[in-house]
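*Asks:* Here you go, this is protein_5.cif (mmCIF, C-alpha atoms).
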```
data_my_file
loop_
_atom_site.label_atom_id
_atom_site.label_comp_id
_atom_site.auth_asym_id
_atom_site.auth_seq_id
_atom_site.Cartn_x
_atom_site.Cartn_y
_atom_site.Cartn_z
CA MET A 1 -81.16 51.55 -104.08
CA GLY A 2 -80.44 51.75 -100.31
CA ILE A 3 -77.04 51.64 -98.67
CA SER A 4 -78.00 48.57 -96.65
CA PHE A 5 -78.98 46.73 -99.85
CA LEU A 6 -75.63 47.59 -101.52
CA ARG A 7 -73.79 46.44 -98.41
CA GLY A 8 -75.66 43.17 -98.57
CA LEU A 9 -74.70 42.64 -102.21
CA LEU A 10 -71.05 43.36 -101.41
CA LEU A 11 -70.98 40.92 -98.50
CA ALA A 12 -72.67 38.24 -100.60
CA GLY A 13 -70.02 38.72 -103.29
CA LEU A 14 -67.23 38.40 -100.74
CA PHE A 15 -68.70 35.22 -99.32
CA LEU A 16 -68.98 33.78 -102.83
CA ILE A 17 -65.34 34.59 -103.66
CA THR A 18 -64.10 33.23 -100.33
CA GLY A 19 -66.15 30.09 -100.78
CA CYS A 20 -64.62 29.47 -104.22
CA GLU A 21 -61.09 30.00 -102.90
CA ASP A 22 -61.68 27.58 -100.02
CA LYS A 23 -63.13 25.00 -102.40
CA ASN A 24 -60.15 25.30 -104.76
CA LYS A 25 -57.75 24.95 -101.83
CA ASP A 26 -59.58 21.86 -100.60
CA GLU A 27 -59.29 20.31 -104.06
CA SER A 28 -55.56 21.05 -104.44
CA LEU A 29 -52.42 19.88 -102.71
CA ILE A 30 -49.75 22.58 -102.95
CA PHE A 31 -46.16 21.38 -103.24
CA GLY A 32 -43.09 23.61 -103.03
CA THR A 33 -39.92 22.64 -104.87
CA SER A 34 -36.70 24.02 -106.34
CA ALA A 35 -36.72 22.92 -109.97
CA ASP A 36 -32.98 22.97 -110.60
CA TYR A 37 -32.06 19.46 -109.47
CA ARG A 38 -32.26 17.08 -112.40
CA PRO A 39 -33.61 14.39 -112.52
CA PHE A 40 -35.59 15.02 -109.31
CA GLU A 41 -37.16 18.30 -110.46
CA TYR A 42 -36.19 20.51 -113.40
CA TYR A 43 -37.55 22.22 -116.51
CA GLU A 44 -37.77 20.62 -119.93
CA ASP A 45 -39.34 22.50 -122.85
CA GLY A 46 -40.82 24.97 -120.39
CA ALA A 47 -42.52 22.31 -118.25
CA MET A 48 -41.56 21.24 -114.74
CA VAL A 49 -40.71 17.53 -114.82
CA GLY A 50 -38.75 14.93 -112.86
CA PHE A 51 -38.95 12.01 -110.45
CA GLU A 52 -40.33 13.99 -107.51
CA ILE A 53 -42.69 15.94 -109.77
CA ASP A 54 -44.23 12.67 -110.98
CA LEU A 55 -44.30 11.37 -107.41
CA ALA A 56 -46.04 14.51 -106.12
CA LYS A 57 -48.66 14.29 -108.88
CA ALA A 58 -49.26 10.60 -108.16
CA ILE A 59 -49.69 11.25 -104.44
CA ALA A 60 -52.13 14.10 -105.03
CA GLU A 61 -54.16 12.01 -107.47
CA LYS A 62 -54.35 9.06 -105.06
CA LEU A 63 -55.56 11.45 -102.36
CA GLY A 64 -58.28 12.75 -104.69
CA LYS A 65 -56.64 16.12 -105.20
CA LYS A 66 -54.93 18.12 -107.93
CA ALA A 67 -51.20 18.77 -107.53
CA GLU A 68 -50.22 22.44 -107.62
CA ILE A 69 -46.42 22.77 -107.72
CA LYS A 70 -44.67 26.05 -106.93
CA ASP A 71 -41.04 26.62 -107.93
CA MET A 72 -38.78 28.62 -105.61
CA SER A 73 -35.19 28.76 -104.39
CA PHE A 74 -34.06 25.73 -102.40
CA SER A 75 -33.37 27.92 -99.35
CA ALA A 76 -37.01 29.13 -99.37
CA VAL A 77 -38.79 25.77 -99.55
CA LEU A 78 -38.94 24.99 -95.83
CA THR A 79 -39.63 28.63 -94.97
CA GLU A 80 -42.64 28.66 -97.29
CA LEU A 81 -43.86 25.44 -95.69
CA GLN A 82 -43.60 26.99 -92.23
CA ASN A 83 -45.43 30.11 -93.46
CA GLY A 84 -48.31 28.02 -94.81
CA ALA A 85 -47.75 29.05 -98.44
CA ILE A 86 -47.39 25.38 -99.41
CA ASP A 87 -48.71 22.12 -97.98
CA VAL A 88 -45.74 19.88 -98.75
CA ALA A 89 -42.04 20.53 -99.43
CA VAL A 90 -40.58 18.22 -102.07
CA ALA A 91 -37.00 19.07 -103.05
CA ALA A 92 -34.79 16.00 -102.48
CA LEU A 93 -34.92 16.89 -98.78
CA ASN A 94 -33.03 14.87 -96.17
CA PRO A 95 -35.00 14.32 -92.93
CA THR A 96 -32.12 15.24 -90.63
CA GLU A 97 -32.41 15.28 -86.86
CA GLU A 98 -32.20 19.08 -86.89
CA ARG A 99 -34.99 19.44 -89.48
CA ARG A 100 -37.21 16.96 -87.63
CA LYS A 101 -37.31 19.40 -84.73
CA SER A 102 -39.36 21.80 -86.87
CA TYR A 103 -41.08 19.59 -89.47
CA ASP A 104 -42.56 16.14 -89.93
CA PHE A 105 -41.28 14.00 -92.78
CA THR A 106 -42.87 11.29 -94.88
CA GLU A 107 -41.48 7.84 -95.46
CA VAL A 108 -38.06 7.93 -97.13
CA TYR A 109 -38.51 7.03 -100.82
CA HIS A 110 -34.89 7.37 -102.02
CA ARG A 111 -31.61 6.80 -100.20
CA SER A 112 -28.72 8.85 -101.45
CA SER A 113 -25.15 8.01 -102.23
CA ILE A 114 -22.50 10.69 -102.63
CA ALA A 115 -20.47 11.23 -105.77
CA LEU A 116 -17.62 13.50 -106.76
CA VAL A 117 -18.03 15.11 -110.20
CA PHE A 118 -14.98 16.55 -111.97
CA ARG A 119 -13.45 17.31 -115.33
CA LYS A 120 -11.88 14.31 -117.05
CA ASP A 121 -8.75 16.36 -117.72
CA ASN A 122 -8.23 17.19 -114.04
CA LYS A 123 -5.24 15.01 -113.13
CA LYS A 124 -5.70 15.54 -109.39
CA LEU A 125 -8.94 13.53 -109.34
CA GLY A 126 -9.58 9.84 -109.00
CA PRO A 127 -11.22 7.21 -106.75
CA LYS A 128 -8.56 7.65 -104.05
CA SER A 129 -8.27 11.43 -104.22
CA ASP A 130 -7.57 13.26 -100.99
CA LEU A 131 -10.37 15.83 -100.76
CA ALA A 132 -8.20 17.98 -98.48
CA GLU A 133 -6.08 18.81 -101.52
CA LEU A 134 -9.05 19.87 -103.65
CA LYS A 135 -11.32 22.88 -104.00
CA ILE A 136 -14.83 21.46 -103.55
CA VAL A 137 -18.16 23.07 -104.37
CA ALA A 138 -21.56 21.89 -103.07
CA GLN A 139 -25.17 23.01 -102.93
CA LEU A 140 -25.93 24.99 -99.79
CA GLY A 141 -27.93 22.95 -97.27
CA SER A 142 -27.49 19.66 -99.11
CA PHE A 143 -26.52 16.30 -97.62
CA PRO A 144 -23.27 16.13 -99.66
CA GLU A 145 -22.25 19.53 -98.27
CA ARG A 146 -22.84 18.29 -94.72
CA TRP A 147 -21.02 15.03 -95.45
CA VAL A 148 -17.85 16.81 -96.60
CA LYS A 149 -17.87 19.16 -93.60
CA LYS A 150 -18.32 16.22 -91.21
CA ASN A 151 -16.10 13.58 -92.83
CA ARG A 152 -13.48 15.69 -94.60
CA PRO A 153 -13.19 18.79 -92.37
CA ALA A 154 -9.83 19.73 -93.88
CA ALA A 155 -11.35 20.08 -97.36
CA SER A 156 -11.79 23.53 -98.87
CA ILE A 157 -15.51 23.75 -99.68
CA GLU A 158 -17.57 26.56 -101.19
CA SER A 159 -21.36 26.42 -101.00
CA VAL A 160 -23.58 27.74 -103.80
CA ASP A 161 -27.34 28.06 -104.30
CA ASN A 162 -27.82 25.37 -106.93
CA VAL A 163 -26.24 22.63 -109.03
CA ALA A 164 -26.13 24.83 -112.16
CA GLN A 165 -23.84 27.27 -110.36
CA ALA A 166 -21.68 24.42 -109.10
CA THR A 167 -21.35 23.07 -112.64
CA GLU A 168 -20.16 26.42 -113.92
CA PHE A 169 -17.51 26.51 -111.17
CA ILE A 170 -15.78 23.38 -112.45
CA LYS A 171 -16.31 24.29 -116.11
CA ALA A 172 -14.42 27.52 -115.47
CA GLU A 173 -11.91 25.63 -113.28
CA HIS A 174 -12.72 27.80 -110.25
CA ALA A 175 -13.10 24.52 -108.35
CA ASP A 176 -11.84 20.97 -108.81
CA ALA A 177 -15.02 19.03 -108.14
CA ILE A 178 -18.65 19.00 -107.00
CA VAL A 179 -20.05 16.72 -104.30
CA MET A 180 -23.62 15.66 -105.05
CA ASP A 181 -26.16 12.85 -105.04
CA THR A 182 -25.01 10.09 -107.43
CA THR A 183 -28.31 10.25 -109.33
CA VAL A 184 -27.70 13.94 -110.07
CA ALA A 185 -24.05 13.21 -110.93
CA ILE A 186 -25.12 10.72 -113.60
CA SER A 187 -27.42 13.33 -115.14
CA ILE A 188 -24.76 16.07 -115.03
CA CYS A 189 -22.16 13.84 -116.67
CA ALA A 190 -24.63 12.77 -119.37
CA ASP A 191 -25.12 16.45 -120.29
CA ASN A 192 -21.44 17.37 -119.99
CA LYS A 193 -19.25 14.83 -121.75
CA GLU A 194 -16.10 16.46 -120.38
CA PHE A 195 -17.16 15.44 -116.84
CA THR A 196 -16.94 12.13 -115.01
CA TYR A 197 -17.68 10.99 -111.46
CA VAL A 198 -16.72 8.57 -108.71
CA VAL A 199 -18.93 7.36 -105.84
CA LEU A 200 -17.54 8.35 -102.44
CA GLU A 201 -20.04 6.70 -100.11
CA VAL A 202 -23.26 4.71 -100.22
CA SER A 203 -25.60 5.31 -97.28
CA ASN A 204 -28.72 3.51 -96.12
CA ASP A 205 -29.46 5.90 -93.26
CA ASP A 206 -32.88 7.57 -93.32
CA ASP A 207 -31.43 10.99 -92.53
CA THR A 208 -29.44 10.88 -95.78
CA GLY A 209 -32.41 9.81 -97.86
CA CYS A 210 -35.12 11.86 -99.57
CA ALA A 211 -38.52 12.52 -98.01
CA MET A 212 -41.24 15.16 -98.23
CA ALA A 213 -41.56 17.68 -95.40
CA ILE A 214 -44.90 18.58 -93.83
CA LYS A 215 -45.91 20.87 -90.99
CA LYS A 216 -45.73 19.34 -87.54
CA ASP A 217 -48.72 17.20 -86.51
CA SER A 218 -50.44 17.46 -89.90
CA SER A 219 -52.86 14.69 -90.85
CA LEU A 220 -51.22 14.73 -94.28
CA LYS A 221 -48.24 12.73 -93.03
CA GLN A 222 -50.14 9.50 -92.43
CA ARG A 223 -52.13 9.85 -95.65
CA ILE A 224 -49.02 10.47 -97.78
CA ASP A 225 -47.11 7.68 -96.00
CA ASP A 226 -49.93 5.26 -96.85
CA VAL A 227 -49.69 6.26 -100.52
CA ILE A 228 -45.89 5.89 -100.62
CA ARG A 229 -46.06 2.45 -99.00
CA GLY A 230 -48.74 1.42 -101.46
CA MET A 231 -46.60 2.60 -104.39
CA GLU A 232 -43.64 0.63 -103.02
CA THR A 233 -45.71 -2.53 -102.70
CA SER A 234 -47.26 -2.21 -106.17
CA GLY A 235 -43.92 -1.45 -107.85
CA GLU A 236 -45.13 1.95 -109.04
CA LEU A 237 -42.42 3.76 -107.06
CA ASN A 238 -39.70 1.57 -108.56
CA ASP A 239 -41.11 2.20 -112.04
CA LEU A 240 -40.76 5.96 -111.47
CA LYS A 241 -37.16 5.48 -110.34
CA LYS A 242 -36.38 3.51 -113.48
CA LYS A 243 -38.05 6.15 -115.64
CA TRP A 244 -35.89 8.93 -114.20
CA THR A 245 -32.71 6.87 -113.57
CA VAL A 246 -32.83 7.44 -109.82
CA VAL A 247 -30.14 5.23 -108.28
CA SER A 248 -28.85 4.61 -104.77
CA GLU A 249 -25.32 3.53 -105.70
#
```
Would you mind giving the structure from this file in structure tokens?

*Replies:*
Amino acid sequence: MGISFLRGLLLAGLFLITGCEDKNKDESLIFGTSADYRPFEYYEDGAMVGFEIDLAKAIAEKLGKKAEIKDMSFSAVLTELQNGAIDVAVAALNPTEERRKSYDFTEVYHRSSIALVFRKDNKKLGPKSDLAELKIVAQLGSFPERWVKKNRPAASIESVDNVAQATEFIKAEHADAIVMDTTVAISICADNKEFTYVVLEVSNDDDTGCAMAIKKDSSLKQRIDDVIRGMETSGELNDLKKKWTVVSE
């Protein structure tokens, strides 16, 4: 068997493999998330579930694709989008002015309100608590973290990687309270009967809502926006919110 013939077989094999990979990529829509933010995205019985997981799957299906969802740290989601490792970032992301400089965002599909979660036996806490007198913990890069720094600059705030770490801080009484999305607060308090929460602020601004991030000038934005609008009109989006107890106040 000649060398040229073997080279031909090798090249044919490479073309076949590459063709299969391209076909699979064309058939899939790859989402990146951080599955530690119940009820938006989290693990239950070993499976990734949640409001945004269902939404991502519905969007992919309506676009004629299969949803592939990759779990990673929250701080890596936008980096992986920029690197091209994922097509869409879906992690309860707020489309802030700063983020819009680097990424496009879909229609906002959930507007956040901010809650303060604390132990019921913490006598310093209540609806009229002065945050400046409290030790606050928040998820790094989250809207509640930014809200405290902007609106309560005198507050002592420590930022952590995820909500699970924040929860452990107040369980161990290393901090007085967590600031977080009210939807997540409801879930945390349901799982931890020793906790309660108060709503600090309700916001209808787009930059405090949740949207999916996409690379700049991608054709995906318009296509995903069309799906989200269609789901709003049909009531399907509201049904998902009811299923996962996603609230705005």

*Asks:* So the first atom is atom CA of Gly50 of chain A and the second is atom CA of Lys241 of chain A; what is the distance between them in Å, to one decimal place?

*Replies:*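 Those two atoms sit 9.9 Å apart.
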
*Asks:* Neighbouring residues of segment 209-220 of chain A were defined as those with any atom within 6 Å, considering only C-alpha atoms; residues of the same chain fewer than 4 positions away were excluded. Please report them as number ranges by chain.

*Replies:* A: 88-90, 92-94, 103-106, 108, 110-112, 224

*Asks:* Would you save the residues of that selection, restricted to C-alpha atoms, as a PDB file, keeping the file's coordinate frame?

*Replies:*
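Just written: selection15.pdb:
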```
ATOM      1  CA  VAL A  88     -45.740  19.880 -98.750  1.00  0.00           C
ATOM      2  CA  ALA A  89     -42.040  20.530 -99.430  1.00  0.00           C
ATOM      3  CA  VAL A  90     -40.580  18.220-102.070  1.00  0.00           C
ATOM      4  CA  ALA A  92     -34.790  16.000-102.480  1.00  0.00           C
ATOM      5  CA  LEU A  93     -34.920  16.890 -98.780  1.00  0.00           C
ATOM      6  CA  ASN A  94     -33.030  14.870 -96.170  1.00  0.00           C
ATOM      7  CA  TYR A 103     -41.080  19.590 -89.470  1.00  0.00           C
ATOM      8  CA  ASP A 104     -42.560  16.140 -89.930  1.00  0.00           C
ATOM      9  CA  PHE A 105     -41.280  14.000 -92.780  1.00  0.00           C
ATOM     10  CA  THR A 106     -42.870  11.290 -94.880  1.00  0.00           C
ATOM     11  CA  VAL A 108     -38.060   7.930 -97.130  1.00  0.00           C
ATOM     12  CA  HIS A 110     -34.890   7.370-102.020  1.00  0.00           C
ATOM     13  CA  ARG A 111     -31.610   6.800-100.200  1.00  0.00           C
ATOM     14  CA  SER A 112     -28.720   8.850-101.450  1.00  0.00           C
ATOM     15  CA  ILE A 224     -49.020  10.470 -97.780  1.00  0.00           C
TER      16      ILE A 224
END
```

*Asks:* Between A:Gly32, A:Val163, A:Asn122, A:Ile53, which has the minimum distance to Ser187 of chain A (counting all atoms listed in the file)?

*Replies:* A:Val163

*Asks:* Pick out the closest residue to Ser113 of chain A from this set: A:Asn151, A:Thr96, A:Thr183, A:Gln222. Count only C-alpha atoms.

*Replies:*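 The closest residue to Ser113 of chain A is A:Thr183.
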
*Asks:* Enumerate, as a PyMOL selection string, the residues matched when the PyMOL selection byres ((chain A and resi 38-47) around 10) is run on the file above.

*Replies:* chain A and resi 33-37+48-55+71+90-92+163-164+183-188+241+243-246

*Asks:* When you look at Ile86 of chain A with a cut-off of 8 Å (counting all atoms listed in the file), what residues show up, excluding the ones that are within fewer than 3 positions of it in the same chain? I need them as a PyMOL selection string.

*Replies:* chain A and resi 30-32+80-81+83+89

*Asks:* Can you write just those residues out, C-alpha atoms, as a PDB file, in the coordinates of the input?

*Replies:*
```pdb
ATOM      1  CA  ILE A  30     -49.750  22.580-102.950  1.00  0.00           C
ATOM      2  CA  PHE A  31     -46.160  21.380-103.240  1.00  0.00           C
ATOM      3  CA  GLY A  32     -43.090  23.610-103.030  1.00  0.00           C
ATOM      4  CA  GLU A  80     -42.640  28.660 -97.290  1.00  0.00           C
ATOM      5  CA  LEU A  81     -43.860  25.440 -95.690  1.00  0.00           C
ATOM      6  CA  ASN A  83     -45.430  30.110 -93.460  1.00  0.00           C
ATOM      7  CA  ALA A  89     -42.040  20.530 -99.430  1.00  0.00           C
TER       8      ALA A  89
END
```

*Asks:* Which residues are close to Glu194 of chain A, i.e. within 10 Å by all atoms listed in the file, leaving aside same-chain residues fewer than 2 positions away? Reply as a ChimeraX atom specification.

*Replies:* /A:118-121,171,189-192,196

*Asks:* From the list A:Ala177, A:Val198, A:Ala67, A:Ile157, which residue is nearest Lys124 of chain A when using only C-alpha atoms?

*Replies:*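 Selected residue with least distance to Lys124 of chain A: A:Ala177.
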
*Asks:* Give me the result of the PyMOL selection byres ((chain A and resi 130) around 12) on this file, residue by residue, as a PyMOL selection string.

*Replies:* chain A and resi 116+124-129+131-136+148+151-156+176-177+200
